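Structure below is work_17.tsv: TSV, C-alpha atoms.
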chain	number	residue	atom	x	y	z
A	263	ASP	CA	-7.77	-1.49	-8.49
A	264	ALA	CA	-10.40	-4.17	-8.54
A	265	GLY	CA	-13.05	-2.27	-6.58
A	266	VAL	CA	-13.10	0.84	-8.79
A	267	ILE	CA	-13.18	0.98	-12.58
A	268	GLN	CA	-12.03	4.17	-14.26
A	269	SER	CA	-12.36	5.06	-17.90
A	270	PRO	CA	-10.75	5.92	-20.10
A	271	ARG	CA	-7.28	4.84	-18.96
A	272	HIS	CA	-5.66	7.35	-21.24
A	273	GLU	CA	-7.05	10.51	-22.79
A	274	VAL	CA	-5.29	12.84	-25.18
A	275	THR	CA	-7.14	15.96	-26.17
A	276	GLU	CA	-6.55	19.43	-27.47
A	277	MET	CA	-6.77	22.58	-25.43
A	278	GLY	CA	-10.32	23.89	-25.26
A	279	GLN	CA	-12.00	20.52	-25.62
A	280	GLU	CA	-14.32	19.05	-23.05
A	281	VAL	CA	-13.05	16.05	-21.14
A	282	THR	CA	-15.17	13.61	-19.13
A	283	LEU	CA	-13.59	11.10	-16.80
A	284	ARG	CA	-15.66	8.22	-15.45
A	285	CYS	CA	-15.61	6.19	-12.27
A	286	LYS	CA	-17.63	3.06	-11.52
A	287	PRO	CA	-17.29	1.62	-8.02
A	288	ILE	CA	-17.91	-2.10	-8.08
A	289	SER	CA	-18.57	-2.51	-4.38
A	290	GLY	CA	-20.71	-0.53	-1.98
A	291	HIS	CA	-19.19	2.49	-0.35
A	292	ASP	CA	-19.94	5.51	1.83
A	293	TYR	CA	-17.50	7.94	0.27
A	294	LEU	CA	-16.17	8.56	-3.23
A	295	PHE	CA	-13.13	10.74	-3.89
A	296	TRP	CA	-11.58	12.34	-6.95
A	297	TYR	CA	-7.84	13.07	-6.86
A	298	ARG	CA	-5.35	14.59	-9.23
A	299	GLN	CA	-1.70	13.54	-9.22
A	300	THR	CA	1.24	15.39	-10.74
A	301	MET	CA	4.95	15.26	-10.09
A	302	MET	CA	5.00	18.85	-8.93
A	303	ARG	CA	1.98	18.88	-6.64
A	304	GLY	CA	1.67	15.25	-5.62
A	305	LEU	CA	-1.75	13.80	-4.87
A	306	GLU	CA	-4.44	16.47	-4.51
A	307	LEU	CA	-7.98	15.88	-3.34
A	308	LEU	CA	-10.38	17.59	-5.73
A	309	ILE	CA	-13.82	16.68	-4.38
A	310	TYR	CA	-15.53	13.98	-2.39
A	311	PHE	CA	-19.05	12.64	-2.03
A	312	ASN	CA	-20.80	11.02	0.89
A	313	ASN	CA	-23.75	8.84	-0.09
A	314	ASN	CA	-23.73	10.49	-3.53
A	315	VAL	CA	-23.88	14.03	-2.10
A	316	PRO	CA	-20.92	16.38	-2.72
A	317	ILE	CA	-19.43	17.30	0.63
A	318	ASP	CA	-16.33	19.33	-0.12
A	319	ASP	CA	-15.30	20.65	-3.52
A	320	SER	CA	-12.76	23.16	-2.24
A	321	GLY	CA	-10.01	21.26	-4.01
A	322	MET	CA	-11.53	21.78	-7.43
A	323	PRO	CA	-9.09	24.17	-9.06
A	324	GLU	CA	-11.50	26.26	-11.11
A	325	ASP	CA	-15.03	26.52	-12.37
A	326	ARG	CA	-13.88	24.61	-15.42
A	327	PHE	CA	-13.97	21.50	-13.23
A	328	SER	CA	-17.24	19.86	-12.21
A	329	ALA	CA	-18.15	16.49	-10.75
A	330	LYS	CA	-21.39	14.58	-10.47
A	331	MET	CA	-22.55	11.41	-8.82
A	332	PRO	CA	-26.01	10.55	-10.14
A	333	ASN	CA	-26.04	7.22	-8.30
A	334	ALA	CA	-23.89	5.06	-6.07
A	335	SER	CA	-22.41	3.20	-9.02
A	336	PHE	CA	-21.25	6.06	-11.19
A	337	SER	CA	-19.43	9.38	-10.98
A	338	THR	CA	-17.98	11.75	-13.54
A	339	LEU	CA	-15.37	14.47	-13.46
A	340	LYS	CA	-15.69	16.97	-16.28
A	341	ILE	CA	-13.22	19.61	-17.43
A	342	GLN	CA	-14.60	22.23	-19.80
A	343	PRO	CA	-12.67	23.78	-21.42
A	344	SER	CA	-9.47	21.80	-20.84
A	345	GLU	CA	-6.06	23.44	-20.63
A	346	PRO	CA	-2.52	22.01	-20.88
A	347	ARG	CA	-1.99	22.55	-17.14
A	348	ASP	CA	-4.79	20.07	-16.48
A	349	SER	CA	-2.52	17.30	-17.71
A	350	ALA	CA	-2.22	14.82	-14.85
A	351	VAL	CA	-3.36	11.42	-13.65
A	352	TYR	CA	-6.84	11.53	-12.16
A	353	PHE	CA	-7.84	8.92	-9.59
A	354	CYS	CA	-11.14	7.88	-8.17
A	355	ALA	CA	-11.22	6.19	-4.76
A	356	ILE	CA	-13.88	4.79	-2.44
A	357	GLN	CA	-14.09	4.30	1.29
A	358	ASN	CA	-16.41	2.75	3.82
A	359	VAL	CA	-16.78	3.88	7.41
A	360	SER	CA	-17.94	0.56	8.78
A	361	GLY	CA	-17.29	-3.10	8.31
A	362	ARG	CA	-14.14	-4.80	7.21
A	363	GLY	CA	-11.67	-2.42	5.60
A	364	LYS	CA	-13.35	0.65	7.07
A	365	ASN	CA	-11.52	3.95	6.70
A	366	ILE	CA	-9.25	2.47	4.03
A	367	GLN	CA	-9.38	3.96	0.57
A	368	TYR	CA	-9.51	1.78	-2.54
A	369	PHE	CA	-8.24	3.42	-5.68
A	370	GLY	CA	-8.96	2.90	-9.32
A	371	ALA	CA	-6.13	2.57	-11.83
A	372	GLY	CA	-6.49	6.21	-12.84
A	373	THR	CA	-6.95	8.16	-16.05
A	374	ARG	CA	-3.85	9.71	-17.57
A	375	LEU	CA	-4.94	12.96	-19.20
A	376	SER	CA	-2.78	14.84	-21.67
A	377	VAL	CA	-4.03	18.20	-22.92
A	378	LEU	CA	-2.05	19.44	-25.90
W	184	SER	CA	-3.59	20.79	2.53
W	185	GLN	CA	-0.81	18.29	3.11
W	186	GLN	CA	-0.48	16.68	6.48
W	187	GLY	CA	2.05	13.91	5.99
W	188	GLU	CA	5.51	14.61	4.69
W	189	GLU	CA	7.61	11.62	3.73
W	190	ASP	CA	11.35	11.46	4.01
W	191	PRO	CA	13.41	10.78	1.98
W	192	GLN	CA	11.81	11.79	-1.30
W	193	ALA	CA	13.74	9.04	-3.07
W	194	LEU	CA	15.62	5.99	-1.86
W	195	SER	CA	17.74	3.52	-3.80
W	196	ILE	CA	18.94	0.28	-2.21
W	197	GLN	CA	20.25	-3.14	-3.15
W	198	GLU	CA	18.04	-6.18	-3.09
W	199	GLY	CA	18.14	-7.81	0.33
W	200	GLU	CA	18.75	-4.58	2.23
W	201	ASN	CA	16.18	-2.98	4.49
W	202	ALA	CA	14.36	0.16	3.42
W	203	THR	CA	13.15	2.75	5.94
W	204	MET	CA	10.82	5.59	5.07
W	205	ASN	CA	9.63	8.24	7.48
W	206	CYS	CA	6.51	10.34	7.69
W	207	SER	CA	5.90	13.45	9.77
W	208	TYR	CA	2.53	15.06	10.32
W	209	LYS	CA	1.18	18.15	12.01
W	210	THR	CA	-2.12	17.58	13.79
W	211	SER	CA	-3.55	14.90	16.05
W	212	ILE	CA	-4.72	11.79	14.24
W	213	ASN	CA	-7.12	8.91	14.60
W	214	ASN	CA	-4.90	6.59	12.57
W	215	LEU	CA	-2.07	6.68	10.06
W	216	GLN	CA	-1.92	4.54	6.95
W	217	TRP	CA	0.72	3.58	4.43
W	218	TYR	CA	-0.03	3.03	0.77
W	219	ARG	CA	2.02	1.80	-2.14
W	220	GLN	CA	1.80	2.91	-5.75
W	221	ASN	CA	3.35	0.97	-8.59
W	222	SER	CA	4.13	2.92	-11.73
W	223	GLY	CA	1.00	3.60	-13.74
W	224	ARG	CA	-1.34	2.22	-11.08
W	225	GLY	CA	-3.53	3.44	-8.28
W	226	LEU	CA	-2.53	3.50	-4.63
W	227	VAL	CA	-2.92	0.28	-2.69
W	228	HIS	CA	-3.37	0.15	1.06
W	229	LEU	CA	-0.58	-1.60	2.97
W	230	ILE	CA	-1.12	-1.14	6.66
W	231	LEU	CA	-3.03	0.97	9.19
W	232	ILE	CA	-1.80	1.88	12.64
W	233	ARG	CA	-4.11	3.45	15.19
W	234	SER	CA	-3.13	6.38	17.37
W	235	ASN	CA	-2.99	4.17	20.46
W	236	GLU	CA	-0.64	1.67	18.82
W	237	ARG	CA	3.13	2.02	18.70
W	238	GLU	CA	4.16	-0.73	16.33
W	239	LYS	CA	2.54	-3.03	13.82
W	240	HIS	CA	3.80	-5.81	11.57
W	241	SER	CA	2.55	-7.30	8.35
W	242	GLY	CA	4.82	-9.77	6.62
W	243	ARG	CA	8.04	-7.91	5.76
W	244	LEU	CA	6.51	-4.59	6.74
W	245	ARG	CA	6.99	-2.95	10.11
W	246	VAL	CA	5.33	0.33	10.97
W	247	THR	CA	6.01	2.43	14.04
W	248	LEU	CA	4.09	5.44	15.30
W	249	ASP	CA	5.29	8.08	17.74
W	250	THR	CA	2.41	10.43	18.45
W	251	SER	CA	4.54	12.61	20.73
W	252	LYS	CA	6.83	13.36	17.80
W	253	LYS	CA	4.03	13.17	15.25
W	254	SER	CA	6.01	10.76	13.14
W	255	SER	CA	5.81	7.28	11.68
W	256	SER	CA	8.22	5.01	9.92
W	257	LEU	CA	7.75	2.18	7.45
W	258	LEU	CA	10.42	-0.49	7.36
W	259	ILE	CA	10.57	-3.04	4.56
W	260	THR	CA	12.92	-5.87	5.45
W	261	ALA	CA	14.86	-8.00	2.97
W	262	SER	CA	13.75	-5.85	0.06
W	263	ARG	CA	13.08	-7.29	-3.37
W	264	ALA	CA	13.11	-5.73	-6.81
W	265	ALA	CA	9.31	-6.07	-6.79
W	266	ASP	CA	9.17	-3.63	-3.86
W	267	THR	CA	10.15	-0.84	-6.25
W	268	ALA	CA	7.31	1.67	-6.00
W	269	SER	CA	6.27	4.92	-4.38
W	270	TYR	CA	5.14	4.76	-0.77
W	271	PHE	CA	2.74	7.25	0.77
W	272	CYS	CA	1.65	7.91	4.29
W	273	ALA	CA	-1.86	9.16	4.90
W	274	THR	CA	-3.33	10.56	8.07
W	275	ASP	CA	-6.89	10.19	9.24
W	276	GLU	CA	-7.72	12.96	11.68
W	277	SER	CA	-11.09	11.88	12.91
W	278	GLY	CA	-12.39	8.90	11.00
W	279	ASN	CA	-15.00	11.09	9.35
W	280	THR	CA	-12.73	13.29	7.29
W	281	PRO	CA	-10.80	12.46	4.13
W	282	LEU	CA	-7.33	11.01	4.40
W	283	VAL	CA	-4.55	13.48	3.79
W	284	PHE	CA	-1.70	12.06	1.73
W	285	GLY	CA	1.93	13.06	1.65
W	286	LYS	CA	3.99	13.38	-1.52
W	287	GLY	CA	5.54	9.96	-1.13
W	288	THR	CA	8.92	8.29	-1.18
W	289	ARG	CA	10.11	6.70	-4.41
W	290	LEU	CA	11.85	3.44	-3.57
W	291	SER	CA	14.10	1.72	-6.09
W	292	VAL	CA	15.36	-1.75	-5.24
W	293	ILE	CA	18.21	-2.80	-7.47
W	294	ALA	CA	18.64	-6.48	-8.19

Please go through the file and, once you have read it, give me the structure as structure tokens.
Amino acid sequence: DAGVIQSPRHEVTEMGQEVTLRCKPISGHDYLFWYRQTMMRGLELLIYFNNNVPIDDSGMPEDRFSAKMPNASFSTLKIQPSEPRDSAVYFCAIQNVSGRGKNIQYFGAGTRLSVL
Amino acid sequence: SQQGEEDPQALSIQEGENATMNCSYKTSINNLQWYRQNSGRGLVHLILIRSNEREKHSGRLRVTLDTSKKSSSLLITASRAADTASYFCATDESGNTPLVFGKGTRLSVIA
């Protein structure tokens, strides 16, 4: 978890509210990924960025989901409006394509989201 | 889309026994990786095996890869209670595409 800081760790909100999840990579990286994990569906890739540019957002479930990466040190995943079925653990992960540890993904500790 | 499928979904063993988890995948790969996830934490990389390798060791971990059968296995020898976690395989098709993770095997090691 050390290379990626996610906040908040836990989020409880009511249906219809806006939720913003944050990811701060500590080390340099080429790629940044957002995943969602549930018991039923396992680990799902939502979107990923290469050098801060969104490459593939086909995993984003609906228009209610959006992600941004204004710089290499920060990314957000926003859900507006949130629904109970969005309840899951959301992970951010980074990856380099060169150097030591290339092609290995380093995950944050995740944000556990509960939408009531 | 899911590439790797782990088997079994859940495994319960006694401390000291060996644990074997299998992963099957569908397309050609550049490498295959195994990750571990402790409850409430993110995934942590364990080991990577390239498509031209057949076996790799790291401490108590042994990974095999059979590209003809599109399958891999992870063996944990002399298991400990601290090995209790979920284990995921992930396939890397080209080195320039995202890893594709399976649903994982939940391992419980009983002291």

Select, counting only C-alpha atoms, all protein, DNA and RNA residues no farther than 9 Å from (-5.7, 1.7, 5.3) in file coordinates, and express the selection as a PDB file with C-alpha atoms, in the frame of the given file.
ATOM      1  CA  GLY A 363     -11.670  -2.420   5.600  1.00  0.00           C
ATOM      2  CA  LYS A 364     -13.350   0.650   7.070  1.00  0.00           C
ATOM      3  CA  ASN A 365     -11.520   3.950   6.700  1.00  0.00           C
ATOM      4  CA  ILE A 366      -9.250   2.470   4.030  1.00  0.00           C
ATOM      5  CA  GLN A 367      -9.380   3.960   0.570  1.00  0.00           C
ATOM      6  CA  TYR A 368      -9.510   1.780  -2.540  1.00  0.00           C
TER       7      TYR A 368
ATOM      8  CA  ASN W 214      -4.900   6.590  12.570  1.00  0.00           C
ATOM      9  CA  LEU W 215      -2.070   6.680  10.060  1.00  0.00           C
ATOM     10  CA  GLN W 216      -1.920   4.540   6.950  1.00  0.00           C
ATOM     11  CA  TRP W 217       0.720   3.580   4.430  1.00  0.00           C
ATOM     12  CA  TYR W 218      -0.030   3.030   0.770  1.00  0.00           C
ATOM     13  CA  VAL W 227      -2.920   0.280  -2.690  1.00  0.00           C
ATOM     14  CA  HIS W 228      -3.370   0.150   1.060  1.00  0.00           C
ATOM     15  CA  LEU W 229      -0.580  -1.600   2.970  1.00  0.00           C
ATOM     16  CA  ILE W 230      -1.120  -1.140   6.660  1.00  0.00           C
ATOM     17  CA  LEU W 231      -3.030   0.970   9.190  1.00  0.00           C
ATOM     18  CA  ILE W 232      -1.800   1.880  12.640  1.00  0.00           C
ATOM     19  CA  ALA W 273      -1.860   9.160   4.900  1.00  0.00           C
TER      20      ALA W 273
END

Report as a tab-separated table: every residue of chain A with an atom at most 6 Å from chain W, its closest pair of atoms, and their distance in Å to one decimal, counting only C-alpha atoms, with rows sorted by chain and ascending residue number.
residue	atom	partner	partner_atom	distance
A:Gly304	CA	W:Lys286	CA	5.1
A:Phe369	CA	W:Gly225	CA	5.4
A:Gly370	CA	W:Gly225	CA	5.6
A:Ala371	CA	W:Gly225	CA	4.5

Next item on the list: Please provide the set of residues having any atom within 8 Å of A:Lys330, restricted to only C-alpha atoms, with same-chain residues fewer than 6 positions apart removed, written as a list of chain:residue names.
Entry: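 Non-adjacent residues within range: A:Pro316, A:Ser337, A:Thr338, A:Leu339.
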
Next item on the list: Return the single residue from W:Ser269, W:Gln197, W:Ser222, W:Thr203 that is closest to W:Leu244, with distances computed using only C-alpha atoms.
Entry: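 Closest residue, counting only C-alpha atoms: W:Thr203.
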
Checklist line | Gap from atom CA of W:Arg237 to atom CA of W:Tyr208 - Å, one decimal | finding: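 A separation of 15.5 Å between them.
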
Margin query: Quick check, in Å to one decimal: how far apart do atom CA of A:Cys354 and atom CA of A:Ser320 lie?
Written below: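 Interatomic distance, atom CA of A:Cys354 to atom CA of A:Ser320: 16.5 Å.
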
Check: In terms of the shortest atom-to-atom distance over all atoms listed in the file, which of W:Thr210, W:Thr288, W:Thr247, W:Asn201 is closest to W:Tyr270?
Finding: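 Among W:Thr210, W:Thr288, W:Thr247, W:Asn201, it is W:Thr288 that comes nearest to W:Tyr270.
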